[in-house]
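Source file: upload-v4.tsv (TSV, C-alpha atoms)
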chain	number	residue	atom	x	y	z
A	1	MET	CA	22.52	-82.37	52.00
A	2	THR	CA	24.54	-85.24	50.53
A	3	LYS	CA	28.09	-84.87	49.24
A	4	LYS	CA	26.85	-84.99	45.64
A	5	GLU	CA	24.20	-82.34	46.22
A	6	TYR	CA	26.63	-80.08	48.02
A	7	LEU	CA	29.29	-80.25	45.30
A	8	GLU	CA	26.75	-79.75	42.52
A	9	GLN	CA	25.25	-76.72	44.21
A	10	LEU	CA	28.72	-75.28	44.83
A	11	GLU	CA	29.76	-75.75	41.22
A	12	GLY	CA	26.50	-74.21	39.97
A	13	GLU	CA	26.97	-71.13	42.15
A	14	LEU	CA	30.64	-70.74	41.17
A	15	ASN	CA	29.73	-70.86	37.49
A	16	ARG	CA	26.87	-68.42	38.01
A	17	LEU	CA	29.30	-65.96	39.66
A	18	ASN	CA	31.87	-66.45	36.87
A	19	VAL	CA	34.56	-67.72	39.21
A	20	GLY	CA	37.56	-69.16	37.36
A	21	ASP	CA	38.87	-72.69	38.05
A	22	ALA	CA	35.49	-73.84	39.37
A	23	GLU	CA	36.49	-77.47	38.79
A	24	GLU	CA	39.68	-77.14	40.81
A	25	ILE	CA	37.81	-75.52	43.67
A	26	VAL	CA	35.15	-78.22	43.68
A	27	SER	CA	37.82	-80.94	43.72
A	28	GLU	CA	39.28	-79.34	46.85
A	29	TYR	CA	35.90	-79.66	48.58
A	30	GLU	CA	35.59	-83.19	47.28
A	31	GLN	CA	38.88	-84.02	48.99
A	32	HIS	CA	37.61	-82.38	52.14
A	33	PHE	CA	34.64	-84.75	52.07
A	34	ALA	CA	36.98	-87.69	51.47
A	35	PHE	CA	39.17	-86.85	54.49
A	36	LYS	CA	36.19	-86.28	56.77
A	37	LEU	CA	34.42	-89.45	55.59
A	38	ALA	CA	37.58	-91.42	56.36
A	39	ASP	CA	37.42	-89.99	59.89
A	40	GLY	CA	33.93	-91.43	60.24
A	41	HIS	CA	31.76	-88.32	59.78
A	42	SER	CA	28.49	-88.51	57.81
A	43	GLU	CA	28.00	-86.62	54.54
A	44	GLU	CA	25.21	-84.53	56.09
A	45	GLU	CA	27.37	-83.56	59.04
A	46	ILE	CA	30.32	-82.60	56.82
A	47	ALA	CA	28.08	-80.49	54.55
A	48	VAL	CA	26.71	-78.58	57.54
A	49	ARG	CA	30.20	-77.97	58.93
A	50	LEU	CA	31.41	-76.68	55.54
A	51	GLY	CA	28.76	-73.96	55.43
A	52	ASP	CA	26.17	-72.88	52.87
A	53	PRO	CA	27.56	-73.55	49.34
A	54	SER	CA	26.22	-70.28	47.94
A	55	ALA	CA	27.90	-68.32	50.77
A	56	ILE	CA	31.16	-70.17	50.07
A	57	ALA	CA	30.87	-69.46	46.33
A	58	ALA	CA	30.28	-65.79	47.12
A	59	GLN	CA	33.55	-65.74	49.07
A	60	PHE	CA	35.39	-67.02	46.02
A	61	ALA	CA	33.70	-64.43	43.81
A	62	ASP	CA	34.71	-61.59	46.13
A	63	ASP	CA	38.42	-61.12	45.54
A	64	GLY	CA	38.83	-59.12	48.74
A	65	THR	CA	40.55	-55.77	49.22
A	66	LYS	CA	42.39	-55.83	45.90
A	67	GLN	CA	39.19	-55.69	43.86
A	68	LYS	CA	37.68	-53.05	46.13
A	69	THR	CA	40.53	-50.55	45.63
A	70	GLY	CA	40.33	-51.23	41.91
A	71	LYS	CA	36.64	-50.36	42.04
A	72	THR	CA	37.15	-47.02	43.77
A	73	GLY	CA	39.89	-46.16	41.26
A	74	LYS	CA	37.50	-46.94	38.46
A	75	LYS	CA	34.79	-44.86	40.08
A	76	VAL	CA	37.04	-41.80	40.34
A	77	ALA	CA	37.99	-42.22	36.67
A	78	ARG	CA	34.31	-42.43	35.80
A	79	VAL	CA	33.43	-39.28	37.70
A	80	VAL	CA	36.28	-37.38	35.98
A	81	TRP	CA	35.24	-38.73	32.60
A	82	LEU	CA	31.56	-37.89	33.14
A	83	THR	CA	32.43	-34.38	34.29
A	84	LEU	CA	34.55	-33.78	31.18
A	85	LEU	CA	31.74	-35.11	29.05
A	86	ALA	CA	29.19	-32.90	30.83
A	87	MET	CA	30.88	-29.69	29.60
A	88	PRO	CA	30.25	-30.01	25.82
A	89	GLU	CA	26.90	-31.57	26.69
A	90	ALA	CA	25.88	-28.55	28.78
A	91	LEU	CA	27.10	-26.19	26.01
A	92	PHE	CA	24.96	-28.03	23.48
A	93	ASP	CA	21.95	-27.93	25.82
A	94	ILE	CA	22.32	-24.18	26.37
A	95	VAL	CA	22.67	-23.42	22.66
A	96	PHE	CA	19.73	-25.67	21.92
A	97	ALA	CA	17.60	-23.96	24.59
A	98	ALA	CA	18.51	-20.57	23.05
A	99	PHE	CA	17.46	-21.93	19.65
A	100	GLY	CA	14.11	-22.97	21.15
A	101	VAL	CA	13.62	-19.49	22.64
A	102	VAL	CA	14.32	-17.94	19.22
A	103	ILE	CA	11.73	-20.24	17.63
A	104	PHE	CA	9.12	-19.16	20.19
A	105	GLY	CA	10.14	-15.51	19.64
A	106	ALA	CA	9.61	-15.91	15.91
A	107	ALA	CA	6.18	-17.46	16.57
A	108	VAL	CA	5.18	-14.42	18.67
A	109	ALA	CA	6.50	-11.98	16.04
A	110	PHE	CA	4.69	-13.72	13.16
A	111	GLY	CA	1.50	-13.85	15.23
A	112	ALA	CA	1.70	-10.11	16.04
A	113	ALA	CA	2.33	-9.21	12.39
A	114	GLY	CA	-0.64	-11.36	11.32
A	115	VAL	CA	-2.97	-9.70	13.85
A	116	CYS	CA	-1.81	-6.26	12.69
A	117	LEU	CA	-2.53	-7.12	9.03
A	118	ILE	CA	-5.97	-8.54	9.74
A	119	GLY	CA	-6.95	-5.82	12.23
A	120	ARG	CA	-5.63	-2.98	10.00
A	121	LEU	CA	-3.35	-1.93	12.83
A	122	ASN	CA	-0.30	-0.09	11.62
A	123	VAL	CA	1.97	0.08	14.65
A	124	ALA	CA	4.66	2.75	14.16
A	125	GLY	CA	4.05	2.66	10.38
A	126	LEU	CA	5.82	-0.71	10.12
A	127	ILE	CA	3.17	-2.38	7.98
A	128	PRO	CA	3.76	-1.55	4.30
A	129	PRO	CA	0.78	-0.29	2.28
A	130	MET	CA	-1.31	-2.87	0.37
A	131	PRO	CA	-4.96	-3.49	-0.45
A	132	TYR	CA	-6.93	-5.10	2.40
A	133	SER	CA	-7.85	-8.14	0.24
A	134	GLY	CA	-4.14	-9.07	0.11
A	135	ALA	CA	-3.49	-7.98	3.71
A	136	ILE	CA	-6.14	-10.28	5.20
A	137	LEU	CA	-4.81	-13.28	3.21
A	138	LEU	CA	-1.21	-12.60	4.25
A	139	GLY	CA	-2.40	-11.96	7.82
A	140	VAL	CA	-3.98	-15.40	8.13
A	141	CYS	CA	-0.91	-16.84	6.37
A	142	LEU	CA	1.31	-15.27	9.05
A	143	LEU	CA	-0.91	-16.63	11.85
A	144	ALA	CA	-0.48	-20.10	10.35
A	145	LEU	CA	3.28	-19.55	10.28
A	146	ALA	CA	3.12	-18.49	13.93
A	147	ALA	CA	1.28	-21.72	14.80
A	148	LEU	CA	3.89	-23.68	12.84
A	149	PHE	CA	6.76	-22.13	14.79
A	150	PHE	CA	4.90	-22.58	18.07
A	151	VAL	CA	4.61	-26.32	17.47
A	152	LEU	CA	8.27	-26.47	16.41
A	153	GLY	CA	9.19	-24.70	19.64
A	154	ILE	CA	7.26	-27.27	21.66
A	155	TYR	CA	9.13	-30.05	19.85
A	156	CYS	CA	12.44	-28.31	20.56
A	157	PHE	CA	11.89	-28.17	24.31
A	158	ALA	CA	10.41	-31.66	24.46
A	159	PHE	CA	13.56	-32.89	22.70
A	160	LEU	CA	15.83	-30.98	25.07
A	161	ARG	CA	13.96	-32.25	28.14
A	162	GLN	CA	14.19	-35.85	26.96
A	163	LEU	CA	17.88	-35.43	26.10
A	164	VAL	CA	18.63	-34.23	29.62
A	165	ARG	CA	16.56	-37.02	31.18
A	166	ALA	CA	18.29	-39.68	29.07
A	167	SER	CA	21.69	-38.26	29.98
A	168	VAL	CA	20.88	-38.23	33.71
A	169	ARG	CA	19.59	-41.82	33.54
A	170	TRP	CA	22.73	-42.97	31.74
A	171	ARG	CA	24.97	-41.22	34.28
A	172	THR	CA	23.07	-42.80	37.17
A	173	ASN	CA	23.62	-46.20	35.60
A	174	VAL	CA	27.34	-45.66	35.05
A	175	LEU	CA	27.99	-44.38	38.58
A	176	SER	CA	25.85	-46.75	40.61
A	177	GLU	CA	26.42	-49.74	38.33
A	178	SER	CA	22.68	-50.24	38.33
A	179	ALA	CA	20.91	-51.25	35.16
A	180	LEU	CA	17.87	-49.04	34.86
A	181	PRO	CA	16.54	-49.08	31.30
A	182	LEU	CA	18.10	-46.36	29.17
A	183	LEU	CA	15.76	-43.67	27.88
A	184	PRO	CA	15.40	-42.79	24.20
A	185	ALA	CA	16.74	-39.35	23.21
A	186	SER	CA	13.79	-38.53	20.95
A	187	PRO	CA	10.92	-36.45	22.40
A	188	GLN	CA	8.22	-38.50	24.11
A	189	PHE	CA	4.57	-37.46	24.00
A	190	GLN	CA	1.36	-39.18	25.00
A	191	PRO	CA	-0.14	-40.70	21.81
A	192	LYS	CA	-3.10	-38.29	21.94
A	193	ARG	CA	-0.87	-35.25	22.38
A	194	ARG	CA	1.47	-36.43	19.66
A	195	ARG	CA	-1.43	-36.76	17.21
A	196	ILE	CA	-2.72	-33.27	18.05
A	197	LEU	CA	0.74	-31.73	17.63
A	198	ARG	CA	1.32	-33.48	14.33
A	199	ALA	CA	-2.10	-32.46	12.99
A	200	ALA	CA	-1.51	-28.84	14.08
A	201	LEU	CA	1.89	-28.87	12.36
A	202	LEU	CA	0.53	-30.24	9.08
A	203	ILE	CA	-2.56	-27.97	9.01
A	204	ALA	CA	-0.45	-24.90	9.80
A	205	LEU	CA	2.03	-25.81	7.07
A	206	ALA	CA	-0.74	-26.36	4.51
A	207	VAL	CA	-2.59	-23.12	5.41
A	208	PHE	CA	0.65	-21.17	5.30
A	209	GLY	CA	1.64	-22.55	1.86
A	210	VAL	CA	-1.78	-22.15	0.21
A	211	LEU	CA	-2.49	-18.66	1.59
A	212	PHE	CA	1.01	-17.46	0.77
A	213	VAL	CA	0.52	-18.42	-2.90
A	214	ILE	CA	-3.04	-16.99	-3.06
A	215	GLY	CA	-2.04	-13.81	-1.20
A	216	TYR	CA	0.88	-13.30	-3.53
A	217	ALA	CA	-1.34	-13.86	-6.59
A	218	VAL	CA	-4.03	-11.43	-5.33
A	219	LEU	CA	-1.50	-8.70	-4.65
A	220	ALA	CA	0.29	-9.29	-7.96
A	221	LEU	CA	-3.06	-9.10	-9.85
A	222	ASN	CA	-4.11	-5.97	-7.97
A	223	ALA	CA	-0.83	-4.24	-8.71
A	224	GLY	CA	-0.59	-5.62	-12.24
A	225	ALA	CA	3.03	-6.67	-11.65
A	226	LEU	CA	4.78	-9.79	-10.30
A	227	GLU	CA	7.06	-7.61	-8.17
A	228	PHE	CA	4.07	-5.83	-6.65
A	229	TRP	CA	6.12	-4.32	-3.79
A	230	HIS	CA	7.66	-1.84	-6.25
A	231	VAL	CA	4.16	-0.70	-7.27
A	232	TYR	CA	3.10	-0.10	-3.64
A	233	GLY	CA	6.45	1.52	-2.92
A	234	TRP	CA	7.34	-0.78	0.06
A	235	PHE	CA	11.08	-0.19	0.06
A	236	VAL	CA	11.20	3.47	-0.82
B	1	MET	CA	31.70	-62.98	65.02
B	2	ASN	CA	31.02	-61.75	61.50
B	3	THR	CA	32.89	-63.26	58.57
B	4	GLN	CA	34.15	-60.03	56.99
B	5	TYR	CA	35.82	-59.10	60.24
B	6	LYS	CA	37.43	-62.49	60.63
B	7	LYS	CA	38.69	-62.77	57.08
B	8	GLY	CA	41.79	-60.60	57.36
B	9	VAL	CA	42.80	-62.20	60.64
B	10	LEU	CA	42.27	-65.69	59.24
B	11	GLU	CA	44.68	-64.92	56.42
B	12	LEU	CA	47.27	-64.04	59.01
B	13	CYS	CA	46.61	-67.30	60.87
B	14	VAL	CA	47.07	-69.33	57.68
B	15	LEU	CA	50.37	-67.57	56.96
B	16	SER	CA	51.48	-68.21	60.53
B	17	LEU	CA	50.75	-71.93	60.23
B	18	LEU	CA	52.62	-72.09	56.92
B	19	THR	CA	55.76	-70.49	58.42
B	20	ARG	CA	56.12	-73.68	60.45
B	21	HIS	CA	55.66	-76.22	57.67
B	22	ASP	CA	53.93	-76.74	54.32
B	23	CYS	CA	50.36	-77.96	54.70
B	24	TYR	CA	47.65	-79.39	52.50
B	25	GLY	CA	44.26	-77.69	52.36
B	26	TYR	CA	42.37	-80.04	54.64
B	27	GLU	CA	45.09	-79.80	57.28
B	28	ILE	CA	44.75	-76.00	57.33
B	29	ALA	CA	40.96	-76.18	57.42
B	30	GLU	CA	41.08	-78.59	60.37
B	31	TYR	CA	43.69	-76.54	62.20
B	32	LEU	CA	41.67	-73.30	61.95
B	33	SER	CA	38.20	-74.71	62.52
B	34	SER	CA	39.36	-76.57	65.61
B	35	ARG	CA	40.51	-73.28	67.19
B	36	ILE	CA	38.22	-70.63	65.74
B	37	ASP	CA	34.47	-70.87	65.29
B	38	ILE	CA	34.24	-70.76	61.49
B	39	ALA	CA	32.58	-72.96	58.89
B	40	ASP	CA	35.15	-75.43	57.49
B	41	GLY	CA	34.39	-74.26	53.96
B	42	THR	CA	35.54	-70.69	54.51
B	43	VAL	CA	39.22	-71.67	54.63
B	44	TYR	CA	39.51	-72.64	50.95
B	45	PRO	CA	38.51	-69.21	49.58
B	46	ILE	CA	41.21	-67.69	51.80
B	47	LEU	CA	43.84	-70.09	50.43
B	48	ARG	CA	42.85	-69.23	46.89
B	49	LYS	CA	43.10	-65.52	47.58
B	50	LEU	CA	46.54	-65.90	49.19
B	51	LYS	CA	47.65	-67.78	46.10
B	52	SER	CA	46.29	-65.16	43.69
B	53	ASP	CA	48.02	-62.47	45.77
B	54	GLY	CA	51.30	-64.38	45.36
B	55	LEU	CA	51.81	-65.03	49.08
B	56	VAL	CA	51.67	-68.82	48.75
B	57	THR	CA	52.33	-71.38	46.03
B	58	THR	CA	51.01	-74.89	45.67
B	59	TYR	CA	52.51	-78.20	44.67
B	60	LEU	CA	51.11	-81.71	44.41
B	61	SER	CA	52.56	-84.50	46.49
B	62	GLU	CA	51.78	-88.22	46.21
B	63	GLU	CA	50.85	-89.80	49.52
B	64	SER	CA	50.78	-93.50	50.24
B	65	GLY	CA	47.64	-94.85	48.63
B	66	GLY	CA	45.38	-91.80	48.43
B	67	PRO	CA	45.05	-89.18	45.70
B	68	PRO	CA	47.81	-86.54	45.33
B	69	ARG	CA	47.48	-83.81	47.93
B	70	LYS	CA	47.79	-80.14	47.13
B	71	TYR	CA	50.34	-78.61	49.48
B	72	TYR	CA	50.54	-74.90	50.25
B	73	SER	CA	53.92	-73.26	50.77
B	74	LEU	CA	54.90	-69.67	51.66
B	75	THR	CA	56.67	-67.60	49.01
B	76	GLU	CA	59.36	-65.03	49.83
B	77	LEU	CA	56.68	-62.34	49.40
B	78	GLY	CA	54.45	-64.32	51.76
B	79	LYS	CA	57.16	-64.50	54.42
B	80	ASP	CA	57.88	-60.76	54.23
B	81	SER	CA	54.20	-59.93	54.22
B	82	TYR	CA	53.59	-62.20	57.20
B	83	MET	CA	56.35	-60.61	59.29
B	84	ALA	CA	55.09	-57.11	58.51
B	85	GLU	CA	51.42	-57.88	59.08
B	86	ARG	CA	52.13	-59.91	62.20
B	87	SER	CA	53.78	-57.03	64.06
B	88	GLU	CA	51.17	-54.62	62.72
B	89	TYR	CA	48.38	-56.85	63.99
B	90	LEU	CA	49.95	-57.40	67.40
B	91	ILE	CA	50.27	-53.64	67.96
B	92	PHE	CA	46.73	-53.14	66.69
B	93	ALA	CA	45.33	-55.86	68.95
B	94	LYS	CA	47.16	-54.41	71.96
B	95	THR	CA	45.73	-50.96	71.25
B	96	ILE	CA	42.20	-52.31	70.85
B	97	ALA	CA	42.55	-54.31	74.06
B	98	SER	CA	43.72	-51.25	75.96
B	99	ILE	CA	40.83	-49.19	74.58
B	100	LEU	CA	38.28	-51.86	75.49
B	101	GLU	CA	39.68	-52.24	78.98
B	102	GLU	CA	39.70	-48.52	79.76
Written as structure tokens, how would this file's structure read?
Amino acid sequence: MTKKEYLEQLEGELNRLNVGDAEEIVSEYEQHFAFKLADGHSEEEIAVRLGDPSAIAAQFADDGTKQKTGKTGKKVARVVWLTLLAMPEALFDIVFAAFGVVIFGAAVAFGAAGVCLIGRLNVAGLIPPMPYSGAILLGVCLLALAALFFVLGIYCFAFLRQLVRASVRWRTNVLSESALPLLPASPQFQPKRRRILRAALLIALAVFGVLFVIGYAVLALNAGALEFWHVYGWFV
Amino acid sequence: MNTQYKKGVLELCVLSLLTRHDCYGYEIAEYLSSRIDIADGTVYPILRKLKSDGLVTTYLSEESGGPPRKYYSLTELGKDSYMAERSEYLIFAKTIASILEE
């Protein structure tokens, strides 16, 4: 390596590592070359004796013990900060999980009520009296509502799962100073699965809405009153 | 010998040389590389670190003919630090030697 090559490589490495005063450092090595050349050494020989320019640049970039203690201090602060942050985060996750469980519970309850209406099952006399024409319509309507809540429940847990994964990825990055790509917080599905879920959601919503209106109309016509529940004596 | 291991000791050697008289960079590099097996280039990062730690200062001095030379000089902090680290190192080295010779 010639003097010129050596100094250029050194300066390039110093700039790449964001070392301050790169010019001043390079001029010091330039002087070193000058002294050695005056003593009759060749450029090649001097470059070899100086050592690999990228290794030298790395030594300038590494500010020794001072920076290392600063790093550990920072790391402790980060761990404390992340722990504090984890508490409200965990609370939110728990509440959200409970919300998801409630959604699934509602889906099961709506489904059971729908089956009872369609199958003319009157468990413990809980189903109020009504003509079967209205009951079957409302039964299917309730099954659609159950499907709707089931899909919502799936979305809830997919969202929660992704939220936790994104949080873990972010924490890993902060602690290890690595730069893994951050994950989005929104639920991630395979395209095919996402299409199926969306279709199920829309169909269930449509069936629920249409059958609710028709069921209401049938019952109201049968009873001859808009507030048909008074006619059938539901709340007596 | 590995560089990390040598680094701390080399700092002490530079301080020791500077307690005798102010030196310019090349002089220090020559002094150390003639006694210890290190690449000449490793001395300059050490000088820069000593300066950023406030143990040495620099000044430029015109020499006959050539370009101005950058001289390194110990600060008060550098002198105190040298005295403390010197005795610490000597005790440490003695202990290590006695362990290795057991």
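Considering only C-alpha atoms, the residue among A:Glu13, A:Asp21, A:Glu43, A:Glu89 positioned nearest to Ala58 of chain A is A:Glu13.
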Note to self: At a cut-off of 10 Å, using only C-alpha atoms, what residues contact Ala55 of chain A? Leave out same-chain residues fewer than 5 positions from it and give the result as number ranges by chain.
What the structure shows: A: 10, 13, 60-61; B: 41-42
Mind dumping the selected residues with C-alpha atoms as a CSV table (one decimal), keeping the file's coordinate frame?
chain,number,residue,atom,x,y,z
A,10,LEU,CA,28.7,-75.3,44.8
A,13,GLU,CA,27.0,-71.1,42.2
A,60,PHE,CA,35.4,-67.0,46.0
A,61,ALA,CA,33.7,-64.4,43.8
B,41,GLY,CA,34.4,-74.3,54.0
B,42,THR,CA,35.5,-70.7,54.5
Next item on the list: Find, counting only C-alpha atoms, the residue in A:Phe33, A:Leu137, A:Glu45, A:Arg78 that gets nearest to Asn173 of chain A.
Entry: A:Arg78
Margin query: Report as a VMD selection string all protein, DNA and RNA residues lying within 12 Å of Gly111 of chain A, evaluated on all atoms listed in the file, omitting residues in the same chain fewer than 5 positions from it.
Written below: chain A and resid 104 to 106 116 to 118 138 to 150
Notebook entry, point to check: Smallest atom-to-atom distance to chain B: which of A:Leu226, A:Ile154, A:Leu50, A:Val26, using all atoms listed in the file?
Noted result: A:Leu50
